[in-house]
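**Student:** Please read through the structure below; I'll follow up with questions.
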Amino acid sequence: MRLADFILDNMETILEEWEAFAATLLPAAAGMTSLALRDDAKQILEAVAKDLSTPQTKEAQAEKSKGRASQLTDAPETAAQTHAVLRARSGFDINQLAAEYRALRASVLRLWMNECEPDEISLDDVVRFNEAIDQGIGESVSFFSAQVDQARNLLLGTLGHDLRSPLNTILMTAQYLTALNAGASVSEAASRLIHSGASMKALLDDLIDFNRTKLGVGIHVALDDVDLAALFNDELEQLRGAHPSRQIELAIIGYSGSLGRATLAATSPQLGCECDHSRSARGSGSRSPYRRKGRRYH
């Protein structure tokens, strides 16, 4: 019996083995119905059987082996692609998705070989079947990864927008405390909150810009000079607030302005380093050379 005919004639037996294995893929499969466990397995098997019954040239076989199989113009998604999307939404990971195909390959070949006489087994059918399964894996993995990336980007985008409201509340409260003139210590703490909040807002803006790249919009990059003295001073203000018992000092040596040369000296050994740089670009991807304990890092 040819493998394509065997798959169609023994569809229910194969699906029962698929379902039994899928039920072991925990925790995603816990509580799933028989219909959900089988998902698009029947359509995948029918596509495999159709592929096995379709004549194939050596050139077409070589193209398929390289992942360049011909696509149906009237089908937006194959059964393998739809299966990947539904598995991703059900909480399966990519290893469990691939394991389903591995188990399917083994069960079909085992059942077929048990049914056939040794001289009835067609090597060409085995090769074509493995090619069809590999094609299904490729389609599923590609769509699964795209689905996971889309979910991740939606989460990051939603998180970035939702964090703006509590952040704005923190900034407004800090500005209110500054206007109260409740003392030097309160004003100093409020000033640190404002600076830290501004830094967090800039990070959220970068996160939203990153998500924009997934939509094909791109990231706007603006090259500009940076005053490292002011930059280090802002960072040290945050460190002073986090470590009030430590004395952290900033010493500026050299020219002032954006082309100045800044040296950071801290009394804490964990914070001690020297930084020497004259120009940076926010968002440009340029790297600043850092020198610590006689070594230079990039």
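Order determines the names: the first chain of the structure tokens is A, the second B, and so forth; residues in each chain are numbered 1 upward, and ligands are numbered 1 upward as they are shown.
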Write out as an MDAnalysis selection string the residues lying within 12 Å of Phe92 (chain A), counting only C-alpha atoms and excluding same-chain residues fewer than 2 positions away.
**Tutor:** chainID A and resid 22:30 32 37 83:90 94:100 141 144:145 147:148
**Student:** Skip Ala106 (chain A) itself and residues of its chain fewer than 4 positions away, then list as a PDB file with N, CA, C and O atoms, in the first residue's frame all residues within 12 Å of it, counting only C-alpha atoms.
**Tutor:**
```pdb
ATOM      1  N   ILE A  14      -4.293   7.488  13.179  1.00  0.00           N
ATOM      2  CA  ILE A  14      -3.181   8.429  13.279  1.00  0.00           C
ATOM      3  C   ILE A  14      -3.558   9.616  14.156  1.00  0.00           C
ATOM      4  O   ILE A  14      -2.767  10.070  14.991  1.00  0.00           O
ATOM      5  N   GLU A  17      -3.357   8.852  17.859  1.00  0.00           N
ATOM      6  CA  GLU A  17      -1.995   8.899  18.379  1.00  0.00           C
ATOM      7  C   GLU A  17      -1.516  10.353  18.514  1.00  0.00           C
ATOM      8  O   GLU A  17      -0.817  10.693  19.477  1.00  0.00           O
ATOM      9  N   TRP A  18      -1.880  11.189  17.553  1.00  0.00           N
ATOM     10  CA  TRP A  18      -1.550  12.618  17.649  1.00  0.00           C
ATOM     11  C   TRP A  18      -2.165  13.214  18.913  1.00  0.00           C
ATOM     12  O   TRP A  18      -1.499  13.928  19.667  1.00  0.00           O
ATOM     13  N   PHE A  21      -0.481  12.076  22.184  1.00  0.00           N
ATOM     14  CA  PHE A  21       0.802  12.727  22.435  1.00  0.00           C
ATOM     15  C   PHE A  21       0.608  14.194  22.786  1.00  0.00           C
ATOM     16  O   PHE A  21       1.267  14.712  23.704  1.00  0.00           O
ATOM     17  N   ALA A  99       7.843  19.073  18.554  1.00  0.00           N
ATOM     18  CA  ALA A  99       7.692  17.705  19.053  1.00  0.00           C
ATOM     19  C   ALA A  99       6.457  17.033  18.463  1.00  0.00           C
ATOM     20  O   ALA A  99       6.454  15.810  18.251  1.00  0.00           O
ATOM     21  N   GLU A 100       5.412  17.800  18.193  1.00  0.00           N
ATOM     22  CA  GLU A 100       4.215  17.218  17.587  1.00  0.00           C
ATOM     23  C   GLU A 100       4.535  16.637  16.213  1.00  0.00           C
ATOM     24  O   GLU A 100       4.058  15.544  15.861  1.00  0.00           O
ATOM     25  N   TYR A 101       5.311  17.351  15.431  1.00  0.00           N
ATOM     26  CA  TYR A 101       5.684  16.853  14.107  1.00  0.00           C
ATOM     27  C   TYR A 101       6.611  15.651  14.208  1.00  0.00           C
ATOM     28  O   TYR A 101       6.525  14.715  13.395  1.00  0.00           O
ATOM     29  N   ARG A 102       7.511  15.672  15.185  1.00  0.00           N
ATOM     30  CA  ARG A 102       8.403  14.534  15.372  1.00  0.00           C
ATOM     31  C   ARG A 102       7.604  13.281  15.715  1.00  0.00           C
ATOM     32  O   ARG A 102       7.851  12.203  15.166  1.00  0.00           O
ATOM     33  N   ARG A 110       5.715   4.173  11.550  1.00  0.00           N
ATOM     34  CA  ARG A 110       5.615   2.913  12.305  1.00  0.00           C
ATOM     35  C   ARG A 110       4.337   2.152  11.947  1.00  0.00           C
ATOM     36  O   ARG A 110       4.377   0.941  11.700  1.00  0.00           O
ATOM     37  N   LEU A 111       3.216   2.844  11.915  1.00  0.00           N
ATOM     38  CA  LEU A 111       1.945   2.196  11.582  1.00  0.00           C
ATOM     39  C   LEU A 111       1.952   1.668  10.153  1.00  0.00           C
ATOM     40  O   LEU A 111       1.446   0.565   9.871  1.00  0.00           O
ATOM     41  N   TRP A 112       2.534   2.415   9.257  1.00  0.00           N
ATOM     42  CA  TRP A 112       2.570   1.993   7.852  1.00  0.00           C
ATOM     43  C   TRP A 112       3.464   0.774   7.661  1.00  0.00           C
ATOM     44  O   TRP A 112       3.098  -0.174   6.967  1.00  0.00           O
ATOM     45  N   MET A 113       4.623   0.774   8.294  1.00  0.00           N
ATOM     46  CA  MET A 113       5.534  -0.358   8.154  1.00  0.00           C
ATOM     47  C   MET A 113       4.967  -1.616   8.808  1.00  0.00           C
ATOM     48  O   MET A 113       5.223  -2.742   8.349  1.00  0.00           O
ATOM     49  N   VAL A 126       8.903   7.224   1.529  1.00  0.00           N
ATOM     50  CA  VAL A 126       9.517   7.637   2.790  1.00  0.00           C
ATOM     51  C   VAL A 126      10.214   8.984   2.620  1.00  0.00           C
ATOM     52  O   VAL A 126      10.080   9.884   3.479  1.00  0.00           O
ATOM     53  N   PHE A 129       7.584  11.715   2.132  1.00  0.00           N
ATOM     54  CA  PHE A 129       6.878  11.968   3.388  1.00  0.00           C
ATOM     55  C   PHE A 129       7.730  12.832   4.315  1.00  0.00           C
ATOM     56  O   PHE A 129       7.239  13.788   4.930  1.00  0.00           O
ATOM     57  N   ASN A 130       9.011  12.503   4.436  1.00  0.00           N
ATOM     58  CA  ASN A 130       9.903  13.305   5.281  1.00  0.00           C
ATOM     59  C   ASN A 130      10.019  14.734   4.762  1.00  0.00           C
ATOM     60  O   ASN A 130      10.085  15.692   5.545  1.00  0.00           O
ATOM     61  N   ILE A 133       6.817  16.548   5.820  1.00  0.00           N
ATOM     62  CA  ILE A 133       6.829  16.874   7.246  1.00  0.00           C
ATOM     63  C   ILE A 133       7.788  18.027   7.523  1.00  0.00           C
ATOM     64  O   ILE A 133       7.480  18.947   8.299  1.00  0.00           O
TER      65      ILE A 133
END
```
**Student:** Report, in Å with one decimal, the straight-line distance from CA of Gly241 (chain A) to CA of Leu156 (chain A).
**Tutor:**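 So the two atoms, CA of Gly241 (chain A) and CA of Leu156 (chain A), lie 28.5 Å apart.
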**Student:** Can you tell me, as a list of chain:residue names, what residues are no more than 8 Å from Ala4 (chain A) when counting only C-alpha atoms, ignoring any on the same chain fewer than 2 positions away?
**Tutor:**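 So, after excluding close chain neighbours, the residues are A:Arg2, A:Phe6, A:Ile7, A:Leu8, A:Val48, A:Ala49, A:Lys50, A:Leu52, A:Ser53.
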**Student:** At a cut-off of 8 Å, using only C-alpha atoms, what residues contact Ala80 (chain A)? Leave out same-chain residues fewer than 3 positions from it and give the result as a compact mmCIF listing (two decimals) with N, CA and C atoms, in the first residue's frame.
**Tutor:**
```txt
# COMPACT_ATOMS: atom_id res chain seq x y z
N ASP A 40 -5.49 21.23 13.74
CA ASP A 40 -5.48 21.09 12.28
C ASP A 40 -4.72 19.86 11.83
N ILE A 44 -3.45 18.81 8.04
CA ILE A 44 -2.02 18.62 7.77
C ILE A 44 -1.78 17.28 7.10
N HIS A 83 -2.13 25.91 12.22
CA HIS A 83 -1.87 25.12 13.42
C HIS A 83 -0.87 25.84 14.33
N ALA A 84 0.15 26.44 13.75
CA ALA A 84 1.16 27.15 14.54
C ALA A 84 0.56 28.34 15.27
N GLY A 136 6.18 21.19 6.56
CA GLY A 136 5.21 21.59 7.58
C GLY A 136 5.88 22.20 8.80
N ILE A 137 7.01 21.62 9.23
CA ILE A 137 7.74 22.17 10.37
C ILE A 137 8.22 23.59 10.06
N GLU A 139 7.01 25.78 7.93
CA GLU A 139 5.89 26.72 7.89
C GLU A 139 5.38 27.02 9.29
N SER A 140 5.29 26.00 10.13
CA SER A 140 4.77 26.18 11.48
C SER A 140 5.72 27.03 12.33
```
**Student:** Please provide the set of residues having any atom within 8 Å of region 189-202 of chain A, restricted to only C-alpha atoms, with same-chain residues fewer than 5 positions apart removed, written as an MDAnalysis selection string.
**Tutor:** chainID A and resid 164 167 170:171 174:175 177:178 234 237:238 241
**Student:** Quick one: pull the distance between CA of Arg105 (chain A) and CA of Thr78 (chain A), Å, one decimal.
**Tutor:**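 Computing it gives 18.4 Å between the two atoms.
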**Student:** For Ala62 (chain A), which of A:Glu131, A:Glu249, A:Glu188, A:Asp227 is the closest residue, counting only C-alpha atoms?
**Tutor:**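 Closest to Ala62 (chain A), using only C-alpha atoms: A:Glu131.
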**Student:** From the DSSP assignment of the backbone, select every residue of region 31-147 of chain A that is alpha helix (DSSP H), and format the answer as a ChimeraX atom specification.
**Tutor:** /A:34-38,41-53,58-65,79-89,94-115,123-147
**Student:** Go ahead and save the residues from that selection, with C-alpha atoms, as a short mmCIF file (atom, residue, chain, number, x, y, z; two decimals), in the first residue's frame.
**Tutor:**
```
data_model
loop_
_atom_site.label_atom_id
_atom_site.label_comp_id
_atom_site.auth_asym_id
_atom_site.auth_seq_id
_atom_site.Cartn_x
_atom_site.Cartn_y
_atom_site.Cartn_z
CA SER A 34 -10.18 16.42 21.99
CA LEU A 35 -11.01 18.85 19.18
CA ALA A 36 -8.49 21.39 20.44
CA LEU A 37 -5.77 18.76 20.86
CA ARG A 38 -6.24 17.53 17.30
CA ALA A 41 -3.83 17.66 12.34
CA LYS A 42 -6.36 16.20 9.88
CA GLN A 43 -5.79 19.01 7.40
CA ILE A 44 -2.02 18.62 7.77
CA LEU A 45 -2.25 14.89 7.03
CA GLU A 46 -4.51 15.50 4.06
CA ALA A 47 -2.01 18.01 2.70
CA VAL A 48 0.81 15.49 3.19
CA ALA A 49 -1.17 12.78 1.38
CA LYS A 50 -1.95 15.14 -1.47
CA ASP A 51 1.71 16.07 -1.75
CA LEU A 52 2.71 12.39 -1.85
CA SER A 53 0.18 11.75 -4.67
CA LYS A 58 13.89 16.41 -9.38
CA GLU A 59 14.09 20.19 -9.71
CA ALA A 60 10.92 20.69 -7.64
CA GLN A 61 12.23 18.26 -5.03
CA ALA A 62 15.49 20.19 -4.78
CA GLU A 63 13.61 23.50 -4.39
CA LYS A 64 11.40 22.05 -1.66
CA SER A 65 14.42 20.76 0.24
CA ALA A 79 -2.85 24.01 7.57
CA ALA A 80 0.61 23.95 9.19
CA GLN A 81 0.65 27.74 9.48
CA THR A 82 -2.83 27.88 10.99
CA HIS A 83 -1.87 25.12 13.42
CA ALA A 84 1.16 27.15 14.54
CA VAL A 85 -0.91 30.26 15.22
CA LEU A 86 -3.47 28.35 17.28
CA ARG A 87 -0.78 26.54 19.25
CA ALA A 88 0.97 29.83 20.04
CA ARG A 89 -2.31 31.32 21.27
CA ILE A 94 8.19 26.20 19.98
CA ASN A 95 9.78 22.97 21.27
CA GLN A 96 6.36 21.44 21.90
CA LEU A 97 5.23 22.50 18.43
CA ALA A 98 8.22 20.76 16.83
CA ALA A 99 7.69 17.70 19.05
CA GLU A 100 4.21 17.22 17.59
CA TYR A 101 5.68 16.85 14.11
CA ARG A 102 8.40 14.53 15.37
CA ALA A 103 5.80 12.28 16.99
CA LEU A 104 3.62 12.43 13.87
CA ARG A 105 6.49 11.37 11.63
CA ALA A 106 7.35 8.42 13.87
CA SER A 107 3.77 7.21 14.35
CA VAL A 108 2.84 7.34 10.65
CA LEU A 109 5.96 5.47 9.52
CA ARG A 110 5.61 2.91 12.31
CA LEU A 111 1.94 2.20 11.58
CA TRP A 112 2.57 1.99 7.85
CA MET A 113 5.53 -0.36 8.15
CA ASN A 114 3.57 -2.61 10.50
CA GLU A 115 0.78 -2.78 7.90
CA LEU A 123 11.71 4.31 -0.32
CA ASP A 124 10.47 7.14 -2.51
CA ASP A 125 7.35 7.44 -0.34
CA VAL A 126 9.52 7.64 2.79
CA VAL A 127 11.65 10.40 1.27
CA ARG A 128 8.63 12.35 0.02
CA PHE A 129 6.88 11.97 3.39
CA ASN A 130 9.90 13.31 5.28
CA GLU A 131 10.08 16.24 2.86
CA ALA A 132 6.41 17.04 3.47
CA ILE A 133 6.83 16.87 7.25
CA ASP A 134 9.93 19.09 7.08
CA GLN A 135 7.99 21.59 4.99
CA GLY A 136 5.21 21.59 7.58
CA ILE A 137 7.74 22.17 10.37
CA GLY A 138 9.26 25.09 8.49
CA GLU A 139 5.89 26.72 7.89
CA SER A 140 4.77 26.18 11.48
CA VAL A 141 7.99 27.46 13.08
CA SER A 142 7.97 30.58 10.89
CA PHE A 143 4.37 31.46 11.72
CA PHE A 144 4.81 30.53 15.39
CA SER A 145 7.80 32.86 15.75
CA ALA A 146 5.90 35.68 14.02
CA GLN A 147 2.95 35.18 16.36
#
```
**Student:** Please measure the separation of CA of Thr158 (chain A) and CA of Glu77 (chain A), giving the value in Å to one decimal.
**Tutor:**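 Atom-to-atom, CA of Thr158 (chain A) and CA of Glu77 (chain A) are spaced 27.9 Å apart.
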